[in-house]
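Worksheet: one structure, shown below.
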Amino acid sequence: MPVNDPVGDLLTRIRNASAAKHASLTLPSSRLKVEVLKVLKEEGYIGDFTVTDTKPQAEVTVQLKYGADRSPVIVGIKRVSRPGLRRYVGHLEIPRVLSGMGVAILSTSRGVMSDGEARRQKVGGELLATVY
């Protein structure tokens with residue numbers, strides 16, 4: 001069954017696998033999902049991910065990260081802009097997640113990037129998700 005909100009599906013699968021303390025998870029791949037996963041990896045919220053080209057659709061396997069006491073690195077991951085209510089922000093209105101301790105993920109005209117990178121490049125865009 002096709003998913004109407006692929007990014008929301010990605011975030012929910014990560015949230016559920018992390019809560020269940022799984023080492024990894026496999027899900028259908030898309031360019032937007034891979035870009036979001038790149039930001040999560042750069043910011044240190046996931047270990048690594050690999051894209052395998054299988055038929056009929058490519059799959060991505062995500063390695064989750066845990067602390068020393070097996071507590072998940074991702075405490076909260078939330079979809080902000082969704083298909084029913086899109087949320088766009090300018091570079092001056094990008095929210096600070098947990099006073100800078102978390103990360104907002106944006107889809108901009110220059111690609112998917114973290115809130116810090118968007119502020120540096122002075123670009124706004126669609127506020128996809130927040131992670132902390």
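Just remember, in the structure tokens the first chain shown is A, the second B, etc., residues are 1-based per chain, and ligands are 1-based in the order shown.
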Neighbours of region 116-129 of chain A within 8 Å (only C-alpha atoms; same-chain residues fewer than 5 positions away dropped), as a list of chain:residue names?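 Near neighbours after the sequence-gap exclusion: A:Val7, A:Ile77, A:Lys78, A:Arg79, A:Val80, A:Ser81, A:Arg82, A:Arg86, A:Arg87, A:Tyr88, A:Val89, A:Gly90, A:His91, A:Leu92, A:Ile94, A:Val103, A:Ala104, A:Ile105, A:Leu106, A:Ser107, A:Thr108, A:Ser109.
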Once DSSP has gone over the backbone, tell me which residues of chain A are in alpha helix (DSSP H), as an MDAnalysis selection string. chainID A and resid 6:19 31:42 115:121
Could you list, with a cut-off of 6 Å and counting only C-alpha atoms, the residues of region 52-107 of chain A near region 26-37 of chain A, each shown with its nearest atom pair and the distance in Å rounded to one decimal, rows sorted by chain and ascending number, as JSON lines?
```
{"residue": "A:Ala58", "atom": "CA", "partner": "A:Ser29", "partner_atom": "CA", "distance": 5.4}
{"residue": "A:Glu59", "atom": "CA", "partner": "A:Pro28", "partner_atom": "CA", "distance": 4.5}
{"residue": "A:Val60", "atom": "CA", "partner": "A:Ser29", "partner_atom": "CA", "distance": 5.3}
{"residue": "A:Thr61", "atom": "CA", "partner": "A:Thr26", "partner_atom": "CA", "distance": 4.3}
```
Apply DSSP to the structure's backbone, then extract all residues of chain A labelled strand (DSSP E) and return them as a count of residues only. 40
Near-region 16-25 of chain A list (8 Å; only C-alpha atoms; drop same-chain fewer than 4 positions) as a PyMOL selection string: chain A and resi 12+61-65+70+72+74
Can you pull out every residue within 10 Å of Asp5 (chain A), counting only C-alpha atoms, but drop anything in the same chain fewer than 4 positions away, and send it as a VMD selection string? chain A and resid 9 to 10 82 to 84
